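S.K.: This is the structure I have questions about; it appears just below.
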Amino acid sequence: MLPHLFIFCVFFCSYDAKLSTAASAGDSLLGNALATSGVTTVPRWGYREKADELTPLTWQVQYPVCGTGERQSPIDIESNAVQVDRGLQPIRFTNYQVEPVDAVWQVVNNGQVVQLSSTGFPKTATPGLTDGSFNADYEFLQLHFHWGASDDLGSEHVIDGRHYPIELHIVHQKVRDTNPQDSTGLTVLGVLFEVAPTGSAQAVQNPNFQLLMQAVGAVVDPGPSINMTLRGFSLDDLLPTSLKGSTMYSDAYYRYLGSLTTPPCSETVVWSVLKDHLFITEEQMQTFRRLRKRAGFEGPDNRLSGNFRPVQRLNGRIIRMYDPSGMIMTSNPRPGFNRVFPSWWRLVEYPRNG
Ligand SMILES: [Zn+2]
């Protein structure tokens with residue numbers, strides 16, 4: 001198993017494994033089985049104070065890096081502290097418009113997030129991205145969401161103290177990576193969504209995004225991964241419509257070095273958070289909010305909503321920004337240039353792959 005896949009499976013796959021064990025034992029109440037069976041000897045990690053699960057403040061009991069790490073995620077991105085970095089380049093997407101064979105995706109509510117992946121991408125056309133800033137290729141691993149019970153909370157990344165109701169993470173793994181300690185072994189694209197006001201132009205449903213919502217609505221209760229045919233759905237449906245059919249994201253994004261936002265909080269992630277948010281409709285938001293943490297229970301305490309980690313300390317990290325307007329100016333230097341790009345930009349060369 002690839003090292004980073006293993007890291008992700010520590011938390012993304014463990015629930016499935018436990019459920020499989022319970023299922024093979026003939027227990028039909030899978031969620032209840034997990035909660036009470038003693039299949040696991042470690043406390044389950046989660047987000048809310050409950051006797052049987054660790055909360056973000058206590059994840060470190062079982063996963064030390066969550067507490068001792070120096071480059072943890074998410075963070076509050078304060079725009080007045082962000083540094084425009086001329087060395088950053090647009091994100092180049094590869095095969096983001098490609099659908100898996102027979103359009104089959106694996107969809108899972110693992111009791112912590114809802115996640116989509118696919119084993120059906122052609123070997124020669126797996127979606128991915130290239131970050132020209134450090135010359136590395138990454139391929140798509142999975143995508144998932146974090147969200148809140150109300151519109152004022154839910155995203156993991158915070159912009160100038162503002163939370164968004166939901167955040168998408170598209171996770172990629174470095175191609176040909178063999179070192180699980182690689183500090184840039186994973187790259188995650190973070191996209192923030194706002195709920196579109198009723199009646200607004202943004203409230204018109206994106207038909208391809210609706211395919212995703214079919215998948216989300218099919219896993220209200222946690223359980224093993226299911227196969228779903230989502231004909232017409234590809235990763236570029238989740239990005240700004242201006243990017244549809246394009247291979248390059250040329251709008252502004254934030255860049256920093258961080259970690260997984262879930263245990264084991266491995267510090268192996270290059271984060272790119274798009275500066276501009278997208279919109280989701282109220283109806284789509286409610287589809288997320290109906291998802292349950294455990295099967296067979298109803299009520300607010302059993303909602304997945306609230307599955308976001310609080311922001312972490314920067315510890316001196318620099319948050320860089322790719323700014324296309326700045327790029328235009330750098331291509332045509334003129335007197336006064338250094339007032340726009342002061343001397344620090346020369347000092348913030350992006351770390352190369354180690
Ligand atoms: Zn995430």
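Labels used: A, B, ... for chains in the order of the structure tokens, numbers from 1 for residues in each chain, and numbers from 1 for ligands as shown.
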Set out as JSON lines a contact list for chain A and ligand 1 with a cut-off of 7 Å, giving each residue of chain A that qualifies its closest atom pair and distance in Å to one decimal, counting only C-alpha atoms and all ligand atoms, ordered by chain and rising residue number.
M.R.:
{"residue": "A:His144", "atom": "CA", "partner": "ligand 1", "partner_atom_place_in_ligand_line": "1 (Zn)", "distance": 6.1}
{"residue": "A:Phe145", "atom": "CA", "partner": "ligand 1", "partner_atom_place_in_ligand_line": "1 (Zn)", "distance": 6.2}
{"residue": "A:His146", "atom": "CA", "partner": "ligand 1", "partner_atom_place_in_ligand_line": "1 (Zn)", "distance": 6.3}
{"residue": "A:His169", "atom": "CA", "partner": "ligand 1", "partner_atom_place_in_ligand_line": "1 (Zn)", "distance": 5.1}
{"residue": "A:Thr261", "atom": "CA", "partner": "ligand 1", "partner_atom_place_in_ligand_line": "1 (Zn)", "distance": 5.9}
S.K.: Within 8 Å of Val108 of chain A, counting only C-alpha atoms, which residues show up once you throw out same-chain ones fewer than 3 positions away? Write them as a ChimeraX atom specification, please.
M.R.: /A:114-116,219,222-226
S.K.: Among segment 90-236 of chain A, which ones does DSSP place in strand (DSSP E), written as a ChimeraX atom specification?
M.R.: /A:91-94,104-109,114-117,128-131,136-147,158-159,166-174,186-195,226-229
S.K.: Hey, which of A:Thr262, A:Ser79, A:Gln286, A:Asn179 ends up closest to Arg162 of chain A? Count only C-alpha atoms.
M.R.: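 So, comparing all the options, the nearest one is A:Ser79.
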S.K.: Show me, as an MDAnalysis selection string, the residues that have an atom within 12 Å of Ser250 of chain A when counting only C-alpha atoms, minus same-chain residues fewer than 2 positions from it.
M.R.: chainID A and resid 88:93 240 242:243 246:248 252:253 274:276 321:328
S.K.: If you keep C-alpha atoms, can you produce a file of those selected residues as a JSON list (two decimals), in the first residue's frame?
M.R.:
[["chain", "number", "residue", "atom", "x", "y", "z"],
["A", 88, "LEU", "CA", 3.80, 31.02, -7.15],
["A", 89, "GLN", "CA", 2.21, 29.92, -10.39],
["A", 90, "PRO", "CA", -1.33, 29.01, -11.45],
["A", 91, "ILE", "CA", -2.47, 25.53, -10.47],
["A", 92, "ARG", "CA", -2.50, 23.28, -13.51],
["A", 93, "PHE", "CA", -5.16, 20.59, -13.58],
["A", 240, "PRO", "CA", -15.59, 27.64, -10.56],
["A", 242, "SER", "CA", -14.94, 29.54, -15.44],
["A", 243, "LEU", "CA", -12.59, 26.61, -15.05],
["A", 246, "SER", "CA", -9.80, 24.63, -18.69],
["A", 247, "THR", "CA", -6.61, 23.14, -17.35],
["A", 248, "MET", "CA", -5.35, 26.08, -15.36],
["A", 252, "ALA", "CA", -6.00, 33.96, -6.64],
["A", 253, "TYR", "CA", -5.32, 31.30, -4.05],
["A", 274, "LEU", "CA", -9.00, 29.30, -3.25],
["A", 275, "LYS", "CA", -9.46, 32.97, -2.40],
["A", 276, "ASP", "CA", -12.89, 33.21, -4.02],
["A", 321, "MET", "CA", -0.91, 34.22, -2.16],
["A", 322, "TYR", "CA", -0.90, 33.72, -5.87],
["A", 323, "ASP", "CA", -2.30, 36.99, -7.17],
["A", 324, "PRO", "CA", -2.93, 37.14, -10.92],
["A", 325, "SER", "CA", -3.22, 40.92, -10.87],
["A", 326, "GLY", "CA", 0.26, 41.01, -9.37],
["A", 327, "MET", "CA", 1.48, 38.66, -12.08],
["A", 328, "ILE", "CA", 0.41, 41.10, -14.75]]
S.K.: Excluding Arg289 of chain A and its own-chain neighbours fewer than 4 positions away, which residues fall within 8 Å of it when counting only C-alpha atoms? Please give them as a compact mmCIF listing (two decimals) with N, CA and C atoms, in the first residue's frame.
M.R.:
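The file below, part_20.txt, is the result:
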# COMPACT_ATOMS: atom_id res chain seq x y z
N TRP A 147 -18.60 20.69 7.39
CA TRP A 147 -19.69 21.68 7.38
C TRP A 147 -20.28 21.87 8.77
N GLY A 148 -21.14 22.89 8.88
CA GLY A 148 -21.73 23.23 10.16
C GLY A 148 -23.24 23.06 10.19
N ALA A 149 -23.79 23.17 11.39
CA ALA A 149 -25.23 23.04 11.56
C ALA A 149 -25.95 24.33 11.17
N MET A 285 -27.33 22.46 0.97
CA MET A 285 -26.73 22.53 2.31
C MET A 285 -27.50 21.63 3.28
N ARG A 303 -25.95 14.37 14.31
CA ARG A 303 -25.65 14.92 12.99
C ARG A 303 -24.14 14.97 12.77
N LEU A 304 -23.74 14.76 11.53
CA LEU A 304 -22.32 14.96 11.20
C LEU A 304 -21.94 16.43 11.26
N SER A 305 -22.91 17.30 11.10
CA SER A 305 -22.65 18.75 11.09
C SER A 305 -21.77 19.13 12.28
S.K.: List as a ChimeraX atom specification the protein and nucleic acid residues near Asp102 of chain A, meaning an atom at most 9 Å away when only C-alpha atoms are counted, but skip any in the same chain fewer than 5 places from it.
M.R.: /A:120,229-231
S.K.: Would you kindly return, as a count of residues only, each protein, DNA or RNA residue with an atom no farther than 10 Å from any atom of Ser259 of chain A, considering only C-alpha atoms and excluding same-chain residues fewer than 3 positions away?
M.R.: 24
S.K.: Among the residues of segment 12-240 of chain A, find those DSSP assigns to alpha helix (DSSP H) from the backbone and print them as a count of residues only.
M.R.: 38
